[in-house]
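Enquirer: Provided herewith: input32.pdb, PDB, C-alpha atoms.
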MODEL        1
ATOM      1  CA  MET V   1       0.000   0.000   0.000  1.00  0.00           C
ATOM      2  CA  ASN V   2       1.390   3.358  -1.030  1.00  0.00           C
ATOM      3  CA  THR V   3       1.046   7.093  -0.611  1.00  0.00           C
ATOM      4  CA  THR V   4       3.270   9.957  -1.722  1.00  0.00           C
ATOM      5  CA  LEU V   5       5.214  12.655   0.054  1.00  0.00           C
ATOM      6  CA  ASN V   6       2.928  15.285  -1.493  1.00  0.00           C
ATOM      7  CA  LYS V   7      -0.150  13.534  -0.077  1.00  0.00           C
ATOM      8  CA  ILE V   8       1.474  13.291   3.349  1.00  0.00           C
ATOM      9  CA  ARG V   9       2.536  16.935   3.196  1.00  0.00           C
ATOM     10  CA  SER V  10      -1.037  18.002   2.356  1.00  0.00           C
ATOM     11  CA  HIS V  11      -2.087  16.717   5.809  1.00  0.00           C
ATOM     12  CA  SER V  12       0.449  18.908   7.659  1.00  0.00           C
ATOM     13  CA  PRO V  13       2.717  16.319   9.289  1.00  0.00           C
ATOM     14  CA  CYS V  14       4.673  17.205  12.398  1.00  0.00           C
ATOM     15  CA  ALA V  15       8.055  18.767  11.659  1.00  0.00           C
ATOM     16  CA  GLY V  16      10.058  16.057  13.408  1.00  0.00           C
ATOM     17  CA  GLY V  17       8.401  13.143  11.663  1.00  0.00           C
ATOM     18  CA  TRP V  18       8.556  14.902   8.303  1.00  0.00           C
ATOM     19  CA  THR V  19      12.285  15.610   8.695  1.00  0.00           C
ATOM     20  CA  THR V  20      12.956  12.024   9.761  1.00  0.00           C
ATOM     21  CA  LEU V  21      11.130  10.638   6.738  1.00  0.00           C
ATOM     22  CA  LEU V  22      12.825  12.971   4.254  1.00  0.00           C
ATOM     23  CA  ARG V  23      16.238  12.168   5.738  1.00  0.00           C
ATOM     24  CA  HIS V  24      15.525   8.434   5.526  1.00  0.00           C
ATOM     25  CA  LEU V  25      14.540   8.801   1.881  1.00  0.00           C
ATOM     26  CA  GLY V  26      17.508  11.030   1.078  1.00  0.00           C
ATOM     27  CA  LYS V  27      15.180  13.802  -0.112  1.00  0.00           C
ATOM     28  CA  THR V  28      14.770  17.471   0.681  1.00  0.00           C
ATOM     29  CA  GLU V  29      11.236  18.058  -0.593  1.00  0.00           C
ATOM     30  CA  ALA V  30       7.954  16.349  -1.342  1.00  0.00           C
ATOM     31  CA  ASP V  31       7.231  14.583  -4.628  1.00  0.00           C
ATOM     32  CA  ASP V  32       4.674  12.262  -6.202  1.00  0.00           C
ATOM     33  CA  GLU V  33       6.808   9.130  -6.228  1.00  0.00           C
ATOM     34  CA  PRO V  34       4.933   6.149  -4.712  1.00  0.00           C
ATOM     35  CA  LEU V  35       5.971   5.630  -1.105  1.00  0.00           C
ATOM     36  CA  ALA V  36       5.212   2.307   0.581  1.00  0.00           C
ATOM     37  CA  LEU V  37       3.788   2.348   4.082  1.00  0.00           C
ATOM     38  CA  ALA V  38       6.408  -0.277   4.941  1.00  0.00           C
ATOM     39  CA  VAL V  39       9.111   2.350   4.279  1.00  0.00           C
ATOM     40  CA  ILE V  40       7.364   4.849   6.569  1.00  0.00           C
ATOM     41  CA  LEU V  41       7.047   2.176   9.260  1.00  0.00           C
ATOM     42  CA  GLU V  42      10.753   1.354   8.940  1.00  0.00           C
ATOM     43  CA  SER V  43      11.785   5.007   8.967  1.00  0.00           C
ATOM     44  CA  ASN V  44       9.452   6.586  11.504  1.00  0.00           C
ATOM     45  CA  GLY V  45       7.776   3.784  13.434  1.00  0.00           C
ATOM     46  CA  LEU V  46       4.209   2.692  13.988  1.00  0.00           C
ATOM     47  CA  ASP V  47       2.728   5.986  15.193  1.00  0.00           C
ATOM     48  CA  ASP V  48       3.768   7.908  12.100  1.00  0.00           C
ATOM     49  CA  ALA V  49       2.838   5.020   9.800  1.00  0.00           C
ATOM     50  CA  LEU V  50      -0.643   4.972  11.350  1.00  0.00           C
ATOM     51  CA  TRP V  51      -0.871   8.744  10.979  1.00  0.00           C
ATOM     52  CA  CYS V  52       0.082   8.449   7.301  1.00  0.00           C
ATOM     53  CA  LEU V  53      -2.942   6.232   6.624  1.00  0.00           C
ATOM     54  CA  ARG V  54      -4.870   9.499   6.173  1.00  0.00           C
ATOM     55  CA  ALA V  55      -2.739  10.071   3.061  1.00  0.00           C
ATOM     56  CA  VAL V  56      -3.635   6.708   1.488  1.00  0.00           C
ATOM     57  CA  ASP V  57      -6.346   6.648  -1.152  1.00  0.00           C
ATOM     58  CA  GLY V  58      -8.726   3.790  -1.843  1.00  0.00           C
ATOM     59  CA  HIS V  59      -8.247   1.545   1.192  1.00  0.00           C
ATOM     60  CA  ALA V  60     -10.949   2.738   3.588  1.00  0.00           C
ATOM     61  CA  ARG V  61     -12.102  -0.836   4.212  1.00  0.00           C
ATOM     62  CA  GLU V  62      -8.702  -2.064   5.333  1.00  0.00           C
ATOM     63  CA  ILE V  63      -8.126   1.021   7.472  1.00  0.00           C
ATOM     64  CA  ARG V  64     -11.473   0.683   9.244  1.00  0.00           C
ATOM     65  CA  LEU V  65     -11.027  -3.058   9.781  1.00  0.00           C
ATOM     66  CA  PHE V  66      -7.585  -2.420  11.279  1.00  0.00           C
ATOM     67  CA  ALA V  67      -9.111   0.120  13.669  1.00  0.00           C
ATOM     68  CA  VAL V  68     -11.809  -2.370  14.660  1.00  0.00           C
ATOM     69  CA  TRP V  69      -9.168  -5.091  15.137  1.00  0.00           C
ATOM     70  CA  CYS V  70      -7.219  -2.829  17.501  1.00  0.00           C
ATOM     71  CA  VAL V  71     -10.249  -2.120  19.662  1.00  0.00           C
ATOM     72  CA  ARG V  72     -11.457  -5.728  19.657  1.00  0.00           C
ATOM     73  CA  ARG V  73      -8.230  -6.568  21.490  1.00  0.00           C
ATOM     74  CA  ALA V  74      -9.490  -4.420  24.384  1.00  0.00           C
ATOM     75  CA  GLN V  75     -13.182  -5.228  23.938  1.00  0.00           C
ATOM     76  CA  HIS V  76     -13.342  -6.968  27.318  1.00  0.00           C
ATOM     77  CA  LEU V  77     -13.071  -3.489  28.855  1.00  0.00           C
ATOM     78  CA  LEU V  78     -16.129  -2.141  27.039  1.00  0.00           C
ATOM     79  CA  THR V  79     -18.824  -1.954  29.673  1.00  0.00           C
ATOM     80  CA  ASP V  80     -21.414  -0.150  27.585  1.00  0.00           C
ATOM     81  CA  PRO V  81     -23.245  -2.091  24.858  1.00  0.00           C
ATOM     82  CA  ARG V  82     -23.274   1.025  22.664  1.00  0.00           C
ATOM     83  CA  SER V  83     -19.511   0.744  22.322  1.00  0.00           C
ATOM     84  CA  VAL V  84     -19.610  -2.912  21.305  1.00  0.00           C
ATOM     85  CA  ALA V  85     -22.448  -2.149  18.899  1.00  0.00           C
ATOM     86  CA  ALA V  86     -20.336   0.605  17.305  1.00  0.00           C
ATOM     87  CA  LEU V  87     -17.573  -1.918  16.645  1.00  0.00           C
ATOM     88  CA  ASP V  88     -20.052  -4.327  15.111  1.00  0.00           C
ATOM     89  CA  VAL V  89     -21.519  -1.629  12.870  1.00  0.00           C
ATOM     90  CA  ALA V  90     -18.067  -0.333  11.874  1.00  0.00           C
ATOM     91  CA  GLU V  91     -17.041  -3.830  10.861  1.00  0.00           C
ATOM     92  CA  ARG V  92     -20.277  -4.423   8.964  1.00  0.00           C
ATOM     93  CA  HIS V  93     -19.915  -1.038   7.242  1.00  0.00           C
ATOM     94  CA  ALA V  94     -16.392  -1.896   6.120  1.00  0.00           C
ATOM     95  CA  ASN V  95     -17.774  -5.088   4.613  1.00  0.00           C
ATOM     96  CA  GLY V  96     -20.641  -3.296   2.849  1.00  0.00           C
ATOM     97  CA  GLN V  97     -23.293  -4.619   5.231  1.00  0.00           C
ATOM     98  CA  ALA V  98     -24.241  -1.387   7.047  1.00  0.00           C
ATOM     99  CA  THR V  99     -25.203   2.013   5.682  1.00  0.00           C
ATOM    100  CA  ASP V 100     -23.490   5.332   6.232  1.00  0.00           C
ATOM    101  CA  ALA V 101     -26.491   6.361   8.342  1.00  0.00           C
ATOM    102  CA  GLU V 102     -26.123   3.277  10.557  1.00  0.00           C
ATOM    103  CA  LEU V 103     -22.432   4.027  10.991  1.00  0.00           C
ATOM    104  CA  ALA V 104     -23.124   7.659  11.877  1.00  0.00           C
ATOM    105  CA  ALA V 105     -25.736   6.621  14.453  1.00  0.00           C
ATOM    106  CA  ALA V 106     -23.347   4.052  15.959  1.00  0.00           C
ATOM    107  CA  ARG V 107     -20.590   6.663  16.155  1.00  0.00           C
ATOM    108  CA  VAL V 108     -22.886   9.108  17.987  1.00  0.00           C
ATOM    109  CA  ALA V 109     -23.970   6.378  20.413  1.00  0.00           C
ATOM    110  CA  ALA V 110     -20.367   5.290  21.012  1.00  0.00           C
ATOM    111  CA  TRP V 111     -19.275   8.853  21.780  1.00  0.00           C
ATOM    112  CA  ALA V 112     -22.192   9.141  24.185  1.00  0.00           C
ATOM    113  CA  ALA V 113     -20.962   5.962  25.882  1.00  0.00           C
ATOM    114  CA  ALA V 114     -17.464   7.433  26.061  1.00  0.00           C
ATOM    115  CA  TRP V 115     -18.819  10.629  27.657  1.00  0.00           C
ATOM    116  CA  ASP V 116     -20.805   8.547  30.145  1.00  0.00           C
ATOM    117  CA  ALA V 117     -17.656   6.596  31.020  1.00  0.00           C
ATOM    118  CA  GLU V 118     -15.836   9.925  31.386  1.00  0.00           C
ATOM    119  CA  ALA V 119     -18.452  11.087  33.886  1.00  0.00           C
ATOM    120  CA  GLY V 120     -18.033   7.822  35.800  1.00  0.00           C
ATOM    121  CA  LYS V 121     -14.234   8.222  35.857  1.00  0.00           C
ATOM    122  CA  ALA V 122     -13.765   4.629  34.691  1.00  0.00           C
ATOM    123  CA  GLY V 123     -10.237   4.962  33.270  1.00  0.00           C
ATOM    124  CA  ALA V 124      -9.807   1.794  31.193  1.00  0.00           C
ATOM    125  CA  ALA V 125     -13.488   1.670  30.272  1.00  0.00           C
ATOM    126  CA  ARG V 126     -13.338   5.324  29.199  1.00  0.00           C
ATOM    127  CA  ALA V 127     -10.306   4.691  26.982  1.00  0.00           C
ATOM    128  CA  ALA V 128     -11.880   1.597  25.476  1.00  0.00           C
ATOM    129  CA  ALA V 129     -15.134   3.461  24.809  1.00  0.00           C
ATOM    130  CA  ARG V 130     -13.206   6.247  23.083  1.00  0.00           C
ATOM    131  CA  ALA V 131     -11.428   3.635  20.993  1.00  0.00           C
ATOM    132  CA  ALA V 132     -14.730   2.109  19.926  1.00  0.00           C
ATOM    133  CA  ALA V 133     -16.043   5.514  18.925  1.00  0.00           C
ATOM    134  CA  SER V 134     -12.839   6.160  16.997  1.00  0.00           C
ATOM    135  CA  ALA V 135     -13.176   2.871  15.142  1.00  0.00           C
ATOM    136  CA  ALA V 136     -16.574   4.013  13.940  1.00  0.00           C
ATOM    137  CA  ALA V 137     -15.079   7.304  12.739  1.00  0.00           C
ATOM    138  CA  ARG V 138     -13.566   7.755   9.306  1.00  0.00           C
ATOM    139  CA  ALA V 139      -9.861   6.893   9.058  1.00  0.00           C
ATOM    140  CA  ALA V 140      -9.365   6.648  12.810  1.00  0.00           C
ATOM    141  CA  ALA V 141      -6.896   3.790  12.914  1.00  0.00           C
ATOM    142  CA  ARG V 142      -4.290   5.798  14.826  1.00  0.00           C
ATOM    143  CA  ALA V 143      -6.764   6.892  17.499  1.00  0.00           C
ATOM    144  CA  ALA V 144      -8.130   3.379  17.872  1.00  0.00           C
ATOM    145  CA  ALA V 145      -4.669   1.841  18.088  1.00  0.00           C
ATOM    146  CA  TRP V 146      -3.463   4.388  20.644  1.00  0.00           C
ATOM    147  CA  ALA V 147      -6.558   4.029  22.786  1.00  0.00           C
ATOM    148  CA  ALA V 148      -6.459   0.233  22.630  1.00  0.00           C
ATOM    149  CA  ALA V 149      -2.803   0.181  23.672  1.00  0.00           C
ATOM    150  CA  GLY V 150      -3.450   2.841  26.277  1.00  0.00           C
ATOM    151  CA  VAL V 151      -5.911   0.739  28.240  1.00  0.00           C
ATOM    152  CA  ALA V 152      -3.125  -1.606  29.291  1.00  0.00           C
ATOM    153  CA  ALA V 153      -2.295  -0.905  32.920  1.00  0.00           C
ATOM    154  CA  GLU V 154       1.303  -2.102  32.815  1.00  0.00           C
ATOM    155  CA  ASP V 155       4.099  -1.006  30.518  1.00  0.00           C
ATOM    156  CA  ALA V 156       4.908  -4.587  29.510  1.00  0.00           C
ATOM    157  CA  THR V 157       1.302  -5.197  28.473  1.00  0.00           C
ATOM    158  CA  ARG V 158       1.200  -1.904  26.587  1.00  0.00           C
ATOM    159  CA  ASP V 159       4.472  -2.751  24.829  1.00  0.00           C
ATOM    160  CA  ALA V 160       3.151  -6.193  23.882  1.00  0.00           C
ATOM    161  CA  GLU V 161       0.027  -4.598  22.444  1.00  0.00           C
ATOM    162  CA  ARG V 162       2.092  -2.217  20.325  1.00  0.00           C
ATOM    163  CA  VAL V 163       4.144  -5.184  19.023  1.00  0.00           C
ATOM    164  CA  ALA V 164       0.905  -6.973  18.077  1.00  0.00           C
ATOM    165  CA  GLN V 165      -0.399  -3.819  16.387  1.00  0.00           C
ATOM    166  CA  GLU V 166       2.779  -3.425  14.370  1.00  0.00           C
ATOM    167  CA  ALA V 167       2.605  -7.047  13.246  1.00  0.00           C
ATOM    168  CA  GLU V 168      -1.024  -6.595  12.176  1.00  0.00           C
ATOM    169  CA  PHE V 169      -0.158  -3.305  10.442  1.00  0.00           C
ATOM    170  CA  ARG V 170       2.550  -5.122   8.478  1.00  0.00           C
ATOM    171  CA  ARG V 171       0.148  -7.930   7.593  1.00  0.00           C
ATOM    172  CA  VAL V 172      -2.616  -5.602   6.402  1.00  0.00           C
ATOM    173  CA  PHE V 173      -0.769  -2.655   4.875  1.00  0.00           C
ATOM    174  CA  CYS V 174       2.743  -3.792   3.937  1.00  0.00           C
ATOM    175  CA  GLN V 175       2.159  -6.847   1.769  1.00  0.00           C
ATOM    176  CA  GLU V 176       3.300  -6.666  -1.834  1.00  0.00           C
ATOM    177  CA  ASN V 177      -0.179  -7.580  -3.136  1.00  0.00           C
ATOM    178  CA  VAL V 178      -2.048  -4.840  -1.253  1.00  0.00           C
TER     179      VAL V 178
ENDMDL
END
Let's see the structure in the file written out as structure tokens.

Expert:
Amino acid sequence: MNTTLNKIRSHSPCAGGWTTLLRHLGKTEADDEPLALAVILESNGLDDALWCLRAVDGHAREIRLFAVWCVRRAQHLLTDPRSVAALDVAERHANGQATDAELAAARVAAWAAAWDAEAGKAGAARAAARAAASAAARAAARAAAWAAAGVAAEDATRDAERVAQEAEFRRVFCQENV
């Protein structure tokens, strides 16, 4: 799966990540040469590679399914059925089995669940609810991945989750046939 430096630049990347990527590529300015997500992952790491998904055209299904996958890994923390329903609808929408209106309604309900969790000060449940709402949002893979990893209470668990996310990112977005 590819993007270009011009597409990335059009989304206003952070200065540090942009400089790192250009340096890695041996370039000084943006161009329209195809740039594989695998190269961005190698150069800048998972966070920037996830961020760059916004500069990828034509792969909304894969991006949404990745976001759902990330949140499903923390689904046991979702205490509100609206959050789980949002994941189900997001997955169905990615597979052409739910309408845009159904997705929008699920997203609104999931954000309401996240706000309710916020009011209840349920830390992990709040983060998981936010992740579910993000998965129902357009191109929210980075937010979903961060929130899903963030619910881990211990650093080792969080690190293991990030390793799993990177492996899944490679599987979904970095294959030659994608």

Enquirer: Any idea what the distance is between CA of Gly26 (chain V) and CA of Trp51 (chain V)?

Expert: 21.0 Å

Enquirer: Using all atoms listed in the file, pick whichever of V:Met1, V:Arg73, V:Cys14, V:Val68 has the shortest atom-to-atom distance to Ala36 (chain V).

Expert: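 Selected residue with least distance to Ala36 (chain V): V:Met1.
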
Enquirer: For Arg54 (chain V), which residue among V:Arg82, V:His11, V:Lys27, V:His76 is the nearest when counting all atoms listed in the file?

Expert: V:His11

Enquirer: What is the distance between CA of Ala114 (chain V) and CA of Arg130 (chain V), in Å to one decimal?

Expert: 5.3 Å

Enquirer: Between CA of His93 (chain V) and CA of Phe66 (chain V), what is the distance, to one decimal in Å?

Expert: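 Between these atoms lies a distance of 13.0 Å.
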
Enquirer: I'd like to know which of V:Asn95, V:Val71, V:Ile63, V:Phe169 is closest to Ala127 (chain V), using only C-alpha atoms.

Expert: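 Of the candidates, the smallest distance to Ala127 (chain V) is held by V:Val71.
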
Enquirer: Please write the residues picked by the PyMOL selection byres ((chain V and resi 62) around 12) on this file as a PyMOL selection string.

Expert: chain V and resi 1+53+56-61+63-69+90-91+93-95+135+138-141+168-169+171-174+178

Enquirer: Tell me, as JSON, numbers by chain, which residues lie within 12 Å of Leu21 (chain V), counting all atoms listed in the file; anything in the same chain fewer than 2 positions away does not count.

Expert: {"V": [4, 5, 8, 9, 13, 14, 15, 16, 17, 18, 19, 23, 24, 25, 26, 27, 28, 29, 30, 35, 36, 37, 39, 40, 41, 42, 43, 44, 45, 48, 49, 52]}

Enquirer: Please determine, counting all atoms listed in the file, which residue among V:Ala160, V:Leu77, V:Ala85, V:Ala110 has the shortest atom-to-atom distance to Ser134 (chain V).

Expert: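 Once distances to Ser134 (chain V) are computed over all atoms listed in the file, the minimum belongs to V:Ala110.
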
Enquirer: For the structure shown, which residues end up in the PyMOL selection byres ((chain V and resi 89) around 9)? Put them as a PyMOL selection string, please?

Expert: chain V and resi 84-88+90-94+97-99+102-103+106-107+136

Enquirer: Using all atoms listed in the file, can you tell me which of V:Asp116, V:Asp80, V:Asp100, V:Asp47 comes closest to Arg162 (chain V)?

Expert: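 Ranking V:Asp116, V:Asp80, V:Asp100, V:Asp47 by distance to Arg162 (chain V), first place goes to V:Asp47.
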
Enquirer: I'd like the box whose edges run along x, y and z of the file and which contains every listed atom of region 39-48 of chain V, padded by 5 Å per side; could you state its centre and edge lengths in Å, one decimal, as AutoDock Vina command-line options?

Expert:
--center_x 7.3 --center_y 4.6 --center_z 9.7 --size_x 19.1 --size_y 16.6 --size_z 20.9

Enquirer: Find the residue from V:Gln175, V:Asn2, V:Thr20, V:Ser83 that sits nearest to Ala129 (chain V); use only C-alpha atoms when measuring.

Expert: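 Looking only at the distances to Ala129 (chain V), the closest residue turns out to be V:Ser83.
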